[in-house]
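**Q** Supplied in structure tokens, the structure appears directly below.
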Amino acid sequence: MKVAVLLSGGVDSSVALNLVQKAGSHDVTAFYLKIWLEDELAFLGDCPWEEDLGYARAVCEQIGVPLEIVSLQTEYQETIVAHVLRELKEGRTPSPDILCNQWIKFGLFFEKIDARFEKIVTGHYAQIIEIGGTYLLKRSPDPVKDQTYFLSRLSRSQLARLWFPVGHLRKEEVRALADQFDLPNRARKDSQGICFLGKINYPEFVRFHLGEKRGDIVEIETGRKLSEHDGVWFHTVGQRKGLGMGGGPWYVVSKDLEKNRVYVSHAERYRAHARKTFIVSAVHWISEVPKQNRLITKVRHSPHLEGCQIRSLADHRLEVCLDTEDQGIAAGQSAVFYDGEICLGGGVIE
């Protein structure tokens with residue numbers, strides 16, 4: 001079986017490559033995806049790709065696997081980055097990693113390699129199971145590393161071609177395998193960057209493209225001006241860090257683009273602005289529309305799962321009612337739904 005392995009230079013994908021290679025009877029080729037920001041915006045931070053590519057090459061050389069470099073720089077600019085910037089300008093909080101997986105890693109990359117490879121391997125912490133010819137997405141046993149949230153817009157046909165060799169493992173087990181395999185990158189720290197940014201500083205990326213627009217930071221209960229911000233696009237609902245104000249902690253509870261204001265509330269009062277109910281649009285179900293209205297959800301990438309009730313509306317929209325109020329529900333973020341350990345899909349919060 002011909003297998004393509006997406007290699008980032010990190011520990012997870014390197015362990016996945018080694019597991020596939022050691023399984024035998026596979027014709028394996030590794031691929032490194034080169035993205036547009038790595039050259040044009042390298043001045044905003046440490047060079048985000050030369051070190052990664054160096055480790056990817058070292059891992060491949062260690063076990064004798066060929067490595068090919070695929071450039072998707074223009075495609076990144078025209079799809080993911082353009083979308084993110086549009087959303088930020090409208091005061092929304094996009095989920096770029098979800099679209100990165102749907103459109104780039106498992107979209108355009110699939111098209112690039114066409115049908116030459118039967119399976120595409122990555123180091124994602126998620127599991128794929130097959131029941132009666134239907135492929136389902138299952139949560140990782142590691143709740144902190146679980147990445148099903150970011151894979152929630154994949155289709156059944158995409159899942160059918162994917163293989164996640166570390167998806168059934170916890171992070172400490174993957175680290176132990178990296179030591180066992182004596183990988184060149186076994187001591188590397190996990191990447192914390194957004195998929196298309198790597199090590200580039202996110203606020204600097206936003207500032208480069210959208211600039212600054214000074215406005216007021218206002219206490220929502222009193223209307224009192226507390227400080228100033230450099231642009232509403234630097235802030236998101238639920239944010240606590242990065243406000244630069246004393247006497248806190250303060251939390252962002254809403255934004256007003258027309259008045260160019262960021263509204264905050266003190267930790268003693270901010271939960272009063274939490275809500276249970278919201279609308280989700282552009283709903284995508286991986287398999288089929290769930291028959292039950294009682295599900296569990298994540299409204300952001302985190303280990304926390306919350307019970308919810310859903311109600312279908314017109315135009316592929318849902319009304320979602322959480323069991324417990326949440327103070328960080330932000331327009332543009334994704335709400336992802338689960339039935340037990342199975343990820344059903346999700347949509348965009350309005």
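Every chain in the structure tokens has a letter given in the order shown (A, B, ...), and although residue numbers restart at 1 in each chain, ligands are simply numbered from 1 in the order shown.
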Write out as an mmCIF file with C-alpha atoms, in the first residue's frame each polymer residue whose atoms come within 9 Å of range 213-216 of chain A, counting only C-alpha atoms; drop sequence neighbours fewer than 5 positions from it.

**A**
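And here's out03.cif as it stands now:
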```cif
data_model
loop_
_atom_site.group_PDB
_atom_site.id
_atom_site.type_symbol
_atom_site.label_atom_id
_atom_site.label_comp_id
_atom_site.auth_asym_id
_atom_site.auth_seq_id
_atom_site.Cartn_x
_atom_site.Cartn_y
_atom_site.Cartn_z
ATOM 1 C CA LYS A 225 -13.437 54.373 30.027
ATOM 2 C CA LEU A 226 -10.662 52.293 31.578
ATOM 3 C CA SER A 227 -7.996 52.276 28.900
ATOM 4 C CA GLU A 228 -7.437 52.174 25.143
ATOM 5 C CA HIS A 229 -6.913 49.394 22.615
ATOM 6 C CA ASP A 230 -5.019 49.258 19.309
ATOM 7 C CA GLY A 231 -7.851 47.663 17.333
ATOM 8 C CA VAL A 232 -10.897 45.521 18.090
ATOM 9 C CA LYS A 259 -17.997 52.731 18.009
ATOM 10 C CA ASN A 260 -14.596 50.998 17.938
ATOM 11 C CA ARG A 261 -14.978 49.916 21.547
ATOM 12 C CA VAL A 262 -13.980 46.866 23.528
ATOM 13 C CA TYR A 263 -16.242 46.248 26.524
#
```

**Q** Need to verify the contact set: Leu67 in chain A, 9 Å, only C-alpha atoms, exclusion of same-chain residues closer than 6 positions in sequence. Can you return it as a list of chain:residue names?

**A** A:Leu7, A:Thr29, A:Ala30, A:Phe31, A:Tyr32, A:Ala56, A:Arg57, A:Cys60, A:Glu61

**Q** Excluding Leu177 in chain A and its own-chain neighbours fewer than 5 positions away, which residues fall within 9 Å of it when counting only C-alpha atoms? Please give them as a PyMOL selection string.

**A** chain A and resi 15+172+182-183+186

**Q** Show me, as a VMD selection string, the residues that have an atom within 12 Å of Gly24 in chain A when counting only C-alpha atoms, minus same-chain residues fewer than 4 positions from it.

**A** chain A and resid 1 to 3 17 to 20 28

**Q** One decimal, Å: what's the distance from CA of His266 in chain A over to CA of Arg92 in chain A, could you say?

**A**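 Taking CA of His266 in chain A and CA of Arg92 in chain A, their separation equals 22.1 Å.
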
**Q** Rank nothing, just name the residue among A:Ser25, A:Ser13, A:Gln62, A:Thr79 nearest to Tyr125 in chain A, using only C-alpha atoms.

**A**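 Nearest to Tyr125 in chain A: A:Ser13.
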
**Q** Tell me, as a list in words, which residues lie within 8 Å of range 161-170 of chain A, counting only C-alpha atoms; anything in the same chain fewer than 4 positions away does not count.

**A**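 What passes the distance filter is Asp12, Val15, Ala16, Leu19, Val20, Glu118, Lys119, Ile120, Val121, Thr122, Gly123, His124, Tyr125, Ala126, Gln127, Ile128, Ser140, Pro141, Asp142, Lys145, Ser157 and Val174 of chain A.
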
**Q** Rank A:Ile329, A:Arg116, A:Glu288, A:Arg207 by their smallest atom-to-atom distance to Leu136 in chain A, using only C-alpha atoms, and report the top residue only.

**A**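 Looking only at the distances to Leu136 in chain A, the closest residue turns out to be A:Glu288.
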
**Q** Residues within 10 Å of range 87-90 of chain A, please, as a PDB file with N, CA and C atoms, in the first residue's frame. Count only C-alpha atoms; anything in the same chain fewer than 5 positions from it doesn't count.

**A**
```
ATOM      1  N   VAL A  81      -5.815  32.519   4.830  1.00  0.00           N
ATOM      2  CA  VAL A  81      -5.414  33.827   5.358  1.00  0.00           C
ATOM      3  C   VAL A  81      -6.410  34.911   4.973  1.00  0.00           C
ATOM      4  N   ALA A  82      -6.866  34.888   3.727  1.00  0.00           N
ATOM      5  CA  ALA A  82      -7.858  35.880   3.292  1.00  0.00           C
ATOM      6  C   ALA A  82      -9.133  35.768   4.126  1.00  0.00           C
ATOM      7  N   SER A  95     -11.744  30.325  13.289  1.00  0.00           N
ATOM      8  CA  SER A  95     -11.053  29.091  13.708  1.00  0.00           C
ATOM      9  C   SER A  95     -10.219  28.596  12.528  1.00  0.00           C
ATOM     10  N   VAL A 206      -1.475  40.128  12.699  1.00  0.00           N
ATOM     11  CA  VAL A 206      -2.690  40.931  12.566  1.00  0.00           C
ATOM     12  C   VAL A 206      -2.334  42.399  12.320  1.00  0.00           C
ATOM     13  N   LEU A 210      -3.764  44.399   9.195  1.00  0.00           N
ATOM     14  CA  LEU A 210      -4.912  45.248   9.491  1.00  0.00           C
ATOM     15  C   LEU A 210      -4.533  46.573  10.144  1.00  0.00           C
ATOM     16  N   GLY A 231      -6.983  48.162  18.404  1.00  0.00           N
ATOM     17  CA  GLY A 231      -7.851  47.663  17.333  1.00  0.00           C
ATOM     18  C   GLY A 231      -8.711  46.539  17.872  1.00  0.00           C
ATOM     19  N   VAL A 232     -10.007  46.557  17.555  1.00  0.00           N
ATOM     20  CA  VAL A 232     -10.897  45.521  18.090  1.00  0.00           C
ATOM     21  C   VAL A 232     -10.486  44.137  17.615  1.00  0.00           C
ATOM     22  N   TRP A 233      -9.779  44.080  16.465  1.00  0.00           N
ATOM     23  CA  TRP A 233      -9.392  42.773  15.920  1.00  0.00           C
ATOM     24  C   TRP A 233      -8.308  42.072  16.733  1.00  0.00           C
ATOM     25  N   PHE A 234      -7.715  42.777  17.696  1.00  0.00           N
ATOM     26  CA  PHE A 234      -6.720  42.142  18.563  1.00  0.00           C
ATOM     27  C   PHE A 234      -7.370  41.421  19.744  1.00  0.00           C
ATOM     28  N   HIS A 235      -8.687  41.535  19.892  1.00  0.00           N
ATOM     29  CA  HIS A 235      -9.350  41.038  21.098  1.00  0.00           C
ATOM     30  C   HIS A 235     -10.517  40.127  20.747  1.00  0.00           C
ATOM     31  N   THR A 236     -10.819  39.211  21.673  1.00  0.00           N
ATOM     32  CA  THR A 236     -11.925  38.285  21.475  1.00  0.00           C
ATOM     33  C   THR A 236     -12.717  38.136  22.760  1.00  0.00           C
ATOM     34  N   LEU A 257     -17.929  47.360  16.770  1.00  0.00           N
ATOM     35  CA  LEU A 257     -17.106  47.827  15.657  1.00  0.00           C
ATOM     36  C   LEU A 257     -17.433  49.260  15.269  1.00  0.00           C
ATOM     37  N   ALA A 331     -18.567  35.133  18.387  1.00  0.00           N
ATOM     38  CA  ALA A 331     -18.999  34.998  16.995  1.00  0.00           C
ATOM     39  C   ALA A 331     -17.809  34.676  16.109  1.00  0.00           C
ATOM     40  N   GLY A 332     -17.982  33.692  15.226  1.00  0.00           N
ATOM     41  CA  GLY A 332     -16.907  33.272  14.328  1.00  0.00           C
ATOM     42  C   GLY A 332     -16.215  32.010  14.771  1.00  0.00           C
TER      43      GLY A 332
END
```

**Q** Taking only C-alpha atoms into account, name the residue in A:Gln73, A:Ser254, A:Gln333, A:Asn293 that is nearest to Leu108 in chain A.

**A**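 Using only C-alpha atoms, the shortest distance to Leu108 in chain A belongs to A:Gln73.
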
**Q** Point out the residue among A:Ala178, A:Leu305, A:Ala267, A:Leu99 with the least atom-to-atom distance to Gly248 in chain A, counting only C-alpha atoms.

**A**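 Comparing A:Ala178, A:Leu305, A:Ala267, A:Leu99 against Gly248 in chain A, the winner is A:Ala267.
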
**Q** Find the spatial neighbours of Leu53 in chain A, counting only C-alpha atoms, within a cut-off of 12 Å - ignore same-chain residues fewer than 3 positions away - and output them as a list in words.

**A**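 So, after excluding close chain neighbours, the residues are Leu6, Leu7, Ser8, Gly9, Gly10, Ser14, Ala30, Phe31, Tyr32, Leu33, Lys34, Ile35, Glu38, Cys47, Pro48, Trp49, Glu50, Ala56, Arg57, Ala58, Val59, Cys60, Leu67, Glu68, Ile69, Val70 and Asn185 of chain A.
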
**Q** Based on the backbone DSSP call, show me all residues of range 55-238 of chain A assigned strand (DSSP E or B), as a tab-separated table (two decimals) with C-alpha atoms, in the first residue's frame.

**A**
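The result, written out as states-v9.tsv:
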```tsv
chain	number	residue	atom	x	y	z
A	67	LEU	CA	10.89	13.40	1.58
A	68	GLU	CA	9.13	15.67	-0.90
A	69	ILE	CA	8.32	19.36	-0.42
A	70	VAL	CA	4.91	20.57	-1.58
A	71	SER	CA	4.36	24.32	-1.88
A	119	LYS	CA	-3.63	6.48	2.75
A	120	ILE	CA	-2.49	9.84	4.11
A	121	VAL	CA	-0.90	9.76	7.54
A	126	ALA	CA	-7.83	11.59	16.90
A	127	GLN	CA	-9.13	8.15	15.91
A	128	ILE	CA	-10.91	6.93	12.82
A	129	ILE	CA	-13.24	3.96	13.13
A	130	GLU	CA	-15.25	2.16	10.47
A	131	ILE	CA	-18.73	0.83	11.18
A	134	THR	CA	-19.06	4.38	7.34
A	135	TYR	CA	-16.01	6.18	8.68
A	136	LEU	CA	-16.41	8.02	11.98
A	137	LEU	CA	-14.17	10.40	13.91
A	138	LYS	CA	-13.51	9.44	17.53
A	139	ARG	CA	-11.90	11.47	20.31
A	162	LEU	CA	-6.72	9.16	6.55
A	163	TRP	CA	-4.66	7.22	9.07
A	215	GLY	CA	-10.30	53.00	20.56
A	216	ASP	CA	-11.66	52.86	24.08
A	217	ILE	CA	-11.77	49.96	26.50
A	218	VAL	CA	-14.99	50.51	28.47
A	219	GLU	CA	-16.39	48.91	31.61
A	225	LYS	CA	-13.44	54.37	30.03
A	226	LEU	CA	-10.66	52.29	31.58
A	227	SER	CA	-8.00	52.28	28.90
A	228	GLU	CA	-7.44	52.17	25.14
A	229	HIS	CA	-6.91	49.39	22.62
```

**Q** Please, which residues of range 51-192 of chain A, numbered as in this document, come out helix (DSSP H, G or I) from DSSP, as a JSON list (two decimals) with N, CA and C atoms, in the first residue's frame?

**A**
```json
[["chain", "number", "residue", "atom", "x", "y", "z"],
["A", 51, "GLU", "N", 14.07, 25.30, 10.42],
["A", 51, "GLU", "CA", 14.35, 24.34, 11.49],
["A", 51, "GLU", "C", 13.42, 23.14, 11.37],
["A", 52, "ASP", "N", 12.13, 23.40, 11.10],
["A", 52, "ASP", "CA", 11.17, 22.31, 10.94],
["A", 52, "ASP", "C", 11.57, 21.37, 9.80],
["A", 53, "LEU", "N", 11.92, 21.95, 8.67],
["A", 53, "LEU", "CA", 12.31, 21.15, 7.51],
["A", 53, "LEU", "C", 13.59, 20.38, 7.79],
["A", 54, "GLY", "N", 14.51, 21.00, 8.53],
["A", 54, "GLY", "CA", 15.75, 20.30, 8.89],
["A", 54, "GLY", "C", 15.47, 19.06, 9.73],
["A", 55, "TYR", "N", 14.58, 19.18, 10.69],
["A", 55, "TYR", "CA", 14.22, 18.01, 11.51],
["A", 55, "TYR", "C", 13.47, 16.97, 10.68],
["A", 56, "ALA", "N", 12.59, 17.42, 9.81],
["A", 56, "ALA", "CA", 11.86, 16.48, 8.96],
["A", 56, "ALA", "C", 12.84, 15.66, 8.11],
["A", 57, "ARG", "N", 13.83, 16.34, 7.54],
["A", 57, "ARG", "CA", 14.83, 15.63, 6.73],
["A", 57, "ARG", "C", 15.61, 14.64, 7.57],
["A", 58, "ALA", "N", 16.01, 15.06, 8.77],
["A", 58, "ALA", "CA", 16.80, 14.18, 9.64],
["A", 58, "ALA", "C", 16.01, 12.93, 10.03],
["A", 59, "VAL", "N", 14.72, 13.10, 10.31],
["A", 59, "VAL", "CA", 13.87, 11.96, 10.67],
["A", 59, "VAL", "C", 13.75, 11.00, 9.49],
["A", 60, "CYS", "N", 13.58, 11.54, 8.29],
["A", 60, "CYS", "CA", 13.45, 10.69, 7.10],
["A", 60, "CYS", "C", 14.76, 9.97, 6.77],
["A", 61, "GLU", "N", 15.86, 10.68, 6.90],
["A", 61, "GLU", "CA", 17.16, 10.07, 6.61],
["A", 61, "GLU", "C", 17.47, 8.94, 7.58],
["A", 62, "GLN", "N", 17.03, 9.10, 8.82],
["A", 62, "GLN", "CA", 17.30, 8.09, 9.85],
["A", 62, "GLN", "C", 16.71, 6.73, 9.47],
["A", 63, "ILE", "N", 15.53, 6.73, 8.81],
["A", 63, "ILE", "CA", 14.88, 5.46, 8.50],
["A", 63, "ILE", "C", 14.79, 5.21, 6.99],
["A", 73, "GLN", "N", 1.76, 27.80, -1.00],
["A", 73, "GLN", "CA", 1.83, 29.17, -0.48],
["A", 73, "GLN", "C", 0.72, 30.05, -1.05],
["A", 74, "THR", "N", 0.53, 30.04, -2.35],
["A", 74, "THR", "CA", -0.51, 30.87, -2.95],
["A", 74, "THR", "C", -1.89, 30.45, -2.46],
["A", 75, "GLU", "N", -2.10, 29.15, -2.38],
["A", 75, "GLU", "CA", -3.40, 28.63, -1.94],
["A", 75, "GLU", "C", -3.71, 29.06, -0.50],
["A", 76, "TYR", "N", -2.71, 29.06, 0.36],
["A", 76, "TYR", "CA", -2.90, 29.53, 1.73],
["A", 76, "TYR", "C", -3.35, 30.98, 1.75],
["A", 77, "GLN", "N", -2.68, 31.79, 0.96],
["A", 77, "GLN", "CA", -2.99, 33.21, 0.94],
["A", 77, "GLN", "C", -4.41, 33.46, 0.46],
["A", 78, "GLU", "N", -4.82, 32.74, -0.57],
["A", 78, "GLU", "CA", -6.11, 33.00, -1.21],
["A", 78, "GLU", "C", -7.28, 32.39, -0.45],
["A", 79, "THR", "N", -7.03, 31.44, 0.41],
["A", 79, "THR", "CA", -8.13, 30.79, 1.13],
["A", 79, "THR", "C", -8.08, 31.09, 2.62],
["A", 80, "ILE", "N", -7.20, 30.43, 3.34],
["A", 80, "ILE", "CA", -7.19, 30.53, 4.80],
["A", 80, "ILE", "C", -6.91, 31.94, 5.28],
["A", 81, "VAL", "N", -5.81, 32.52, 4.83],
["A", 81, "VAL", "CA", -5.41, 33.83, 5.36],
["A", 81, "VAL", "C", -6.41, 34.91, 4.97],
["A", 82, "ALA", "N", -6.87, 34.89, 3.73],
["A", 82, "ALA", "CA", -7.86, 35.88, 3.29],
["A", 82, "ALA", "C", -9.13, 35.77, 4.13],
["A", 83, "HIS", "N", -9.56, 34.55, 4.40],
["A", 83, "HIS", "CA", -10.76, 34.33, 5.22],
["A", 83, "HIS", "C", -10.56, 34.86, 6.63],
["A", 84, "VAL", "N", -9.42, 34.54, 7.23],
["A", 84, "VAL", "CA", -9.14, 34.99, 8.61],
["A", 84, "VAL", "C", -9.16, 36.50, 8.70],
["A", 85, "LEU", "N", -8.54, 37.18, 7.75],
["A", 85, "LEU", "CA", -8.49, 38.63, 7.78],
["A", 85, "LEU", "C", -9.88, 39.25, 7.62],
["A", 86, "ARG", "N", -10.70, 38.66, 6.74],
["A", 86, "ARG", "CA", -12.08, 39.15, 6.59],
["A", 86, "ARG", "C", -12.86, 39.02, 7.90],
["A", 87, "GLU", "N", -12.71, 37.90, 8.53],
["A", 87, "GLU", "CA", -13.43, 37.65, 9.78],
["A", 87, "GLU", "C", -12.97, 38.62, 10.88],
["A", 88, "LEU", "N", -11.67, 38.82, 10.99],
["A", 88, "LEU", "CA", -11.14, 39.71, 12.02],
["A", 88, "LEU", "C", -11.63, 41.14, 11.81],
["A", 89, "LYS", "N", -11.67, 41.59, 10.55],
["A", 89, "LYS", "CA", -12.12, 42.95, 10.26],
["A", 89, "LYS", "C", -13.59, 43.14, 10.64],
["A", 96, "PRO", "N", -9.04, 29.21, 12.28],
["A", 96, "PRO", "CA", -8.29, 28.91, 11.06],
["A", 96, "PRO", "C", -7.81, 27.46, 10.95],
["A", 97, "ASP", "N", -7.52, 26.82, 12.08],
["A", 97, "ASP", "CA", -7.01, 25.45, 12.00],
["A", 97, "ASP", "C", -8.05, 24.48, 11.47],
["A", 98, "ILE", "N", -9.33, 24.75, 11.73],
["A", 98, "ILE", "CA", -10.39, 23.89, 11.20],
["A", 98, "ILE", "C", -10.41, 23.98, 9.68],
["A", 99, "LEU", "N", -10.35, 25.21, 9.16],
["A", 99, "LEU", "CA", -10.36, 25.40, 7.71],
["A", 99, "LEU", "C", -9.06, 24.92, 7.08],
["A", 100, "CYS", "N", -7.96, 25.05, 7.80],
["A", 100, "CYS", "CA", -6.66, 24.57, 7.32],
["A", 100, "CYS", "C", -6.73, 23.07, 7.03],
["A", 101, "ASN", "N", -7.33, 22.32, 7.94],
["A", 101, "ASN", "CA", -7.46, 20.88, 7.73],
["A", 101, "ASN", "C", -8.43, 20.55, 6.61],
["A", 102, "GLN", "N", -9.56, 21.27, 6.57],
["A", 102, "GLN", "CA", -10.58, 20.98, 5.56],
["A", 102, "GLN", "C", -10.12, 21.35, 4.15],
["A", 103, "TRP", "N", -9.55, 22.53, 4.00],
["A", 103, "TRP", "CA", -9.25, 23.06, 2.66],
["A", 103, "TRP", "C", -7.84, 22.75, 2.18],
["A", 104, "ILE", "N", -6.87, 22.69, 3.10],
["A", 104, "ILE", "CA", -5.47, 22.59, 2.68],
["A", 104, "ILE", "C", -4.90, 21.20, 2.91],
["A", 105, "LYS", "N", -4.71, 20.81, 4.17],
["A", 105, "LYS", "CA", -4.04, 19.54, 4.46],
["A", 105, "LYS", "C", -4.78, 18.35, 3.86],
["A", 106, "PHE", "N", -6.11, 18.37, 4.00],
["A", 106, "PHE", "CA", -6.87, 17.22, 3.51],
["A", 106, "PHE", "C", -7.80, 17.61, 2.36],
["A", 107, "GLY", "N", -7.51, 18.74, 1.76],
["A", 107, "GLY", "CA", -8.24, 19.19, 0.58],
["A", 107, "GLY", "C", -7.30, 19.33, -0.59],
["A", 108, "LEU", "N", -6.61, 20.45, -0.67],
["A", 108, "LEU", "CA", -5.70, 20.70, -1.79],
["A", 108, "LEU", "C", -4.54, 19.71, -1.83],
["A", 109, "PHE", "N", -4.05, 19.31, -0.66],
["A", 109, "PHE", "CA", -2.96, 18.33, -0.65],
["A", 109, "PHE", "C", -3.43, 17.01, -1.23],
["A", 110, "PHE", "N", -4.65, 16.59, -0.91],
["A", 110, "PHE", "CA", -5.22, 15.37, -1.50],
["A", 110, "PHE", "C", -5.21, 15.48, -3.01],
["A", 111, "GLU", "N", -5.59, 16.66, -3.53],
["A", 111, "GLU", "CA", -5.63, 16.86, -4.97],
["A", 111, "GLU", "C", -4.24, 16.83, -5.58],
["A", 112, "LYS", "N", -3.26, 17.38, -4.85],
["A", 112, "LYS", "CA", -1.89, 17.42, -5.35],
["A", 112, "LYS", "C", -1.33, 16.02, -5.58],
["A", 113, "ILE", "N", -1.59, 15.13, -4.62],
["A", 113, "ILE", "CA", -1.03, 13.78, -4.75],
["A", 113, "ILE", "C", -1.99, 12.85, -5.48],
["A", 148, "THR", "N", -9.95, 16.44, 17.61],
["A", 148, "THR", "CA", -11.16, 16.26, 16.81],
["A", 148, "THR", "C", -11.87, 17.58, 16.55],
["A", 149, "TYR", "N", -11.72, 18.55, 17.46],
["A", 149, "TYR", "CA", -12.31, 19.88, 17.23],
["A", 149, "TYR", "C", -11.83, 20.45, 15.91],
["A", 150, "PHE", "N", -10.53, 20.30, 15.63],
["A", 150, "PHE", "CA", -9.95, 20.87, 14.41],
["A", 150, "PHE", "C", -10.24, 20.03, 13.16],
["A", 151, "LEU", "N", -10.77, 18.84, 13.35],
["A", 151, "LEU", "CA", -11.04, 17.94, 12.23],
["A", 151, "LEU", "C", -12.54, 17.83, 11.95],
["A", 156, "ARG", "N", -16.73, 12.21, 5.10],
["A", 156, "ARG", "CA", -16.51, 10.77, 5.21],
["A", 156, "ARG", "C", -15.46, 10.30, 4.21],
["A", 157, "SER", "N", -15.47, 10.89, 3.01],
["A", 157, "SER", "CA", -14.49, 10.48, 1.99],
["A", 157, "SER", "C", -13.07, 10.88, 2.40],
["A", 158, "GLN", "N", -12.92, 12.02, 3.07],
["A", 158, "GLN", "CA", -11.60, 12.40, 3.57],
["A", 158, "GLN", "C", -11.15, 11.46, 4.68],
["A", 159, "LEU", "N", -12.04, 11.15, 5.60],
["A", 159, "LEU", "CA", -11.70, 10.24, 6.70],
["A", 159, "LEU", "C", -11.30, 8.86, 6.17],
["A", 160, "ALA", "N", -11.93, 8.44, 5.09],
["A", 160, "ALA", "CA", -11.64, 7.12, 4.53],
["A", 160, "ALA", "C", -10.19, 7.00, 4.07],
["A", 161, "ARG", "N", -9.56, 8.11, 3.70],
["A", 161, "ARG", "CA", -8.18, 8.08, 3.22],
["A", 161, "ARG", "C", -7.17, 8.37, 4.32],
["A", 171, "LYS", "N", -0.10, 11.75, 25.05],
["A", 171, "LYS", "CA", 1.12, 12.47, 24.70],
["A", 171, "LYS", "C", 2.35, 11.83, 25.33],
["A", 172, "GLU", "N", 2.25, 11.43, 26.59],
["A", 172, "GLU", "CA", 3.43, 10.85, 27.25],
["A", 172, "GLU", "C", 3.86, 9.54, 26.59],
["A", 173, "GLU", "N", 2.89, 8.81, 26.02],
["A", 173, "GLU", "CA", 3.22, 7.58, 25.31],
["A", 173, "GLU", "C", 3.93, 7.88, 23.99],
["A", 174, "VAL", "N", 3.51, 8.96, 23.32],
["A", 174, "VAL", "CA", 4.16, 9.37, 22.08],
["A", 174, "VAL", "C", 5.59, 9.83, 22.36],
["A", 175, "ARG", "N", 5.77, 10.59, 23.44],
["A", 175, "ARG", "CA", 7.11, 11.01, 23.84],
["A", 175, "ARG", "C", 8.01, 9.81, 24.14],
["A", 176, "ALA", "N", 7.44, 8.81, 24.80],
["A", 176, "ALA", "CA", 8.21, 7.60, 25.12],
["A", 176, "ALA", "C", 8.63, 6.87, 23.85],
["A", 177, "LEU", "N", 7.74, 6.83, 22.86],
["A", 177, "LEU", "CA", 8.09, 6.20, 21.58],
["A", 177, "LEU", "C", 9.18, 7.00, 20.86],
["A", 178, "ALA", "N", 9.12, 8.33, 20.95],
["A", 178, "ALA", "CA", 10.15, 9.16, 20.33],
["A", 178, "ALA", "C", 11.52, 8.86, 20.93],
["A", 179, "ASP", "N", 11.56, 8.63, 22.24],
["A", 179, "ASP", "CA", 12.82, 8.24, 22.90],
["A", 179, "ASP", "C", 13.24, 6.84, 22.46],
["A", 180, "GLN", "N", 12.26, 5.94, 22.39],
["A", 180, "GLN", "CA", 12.55, 4.56, 21.99],
["A", 180, "GLN", "C", 13.11, 4.50, 20.57]]
```

**Q** One decimal, in Å: what's the spacing between CA of Gly133 in chain A and CA of Ser287 in chain A?

**A**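 For CA of Gly133 in chain A relative to CA of Ser287 in chain A, the distance reads 11.3 Å.
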
**Q** So how far away is CA of Val11 in chain A from CA of Glu204 in chain A, in Å?

**A**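 A separation of 26.9 Å between them.
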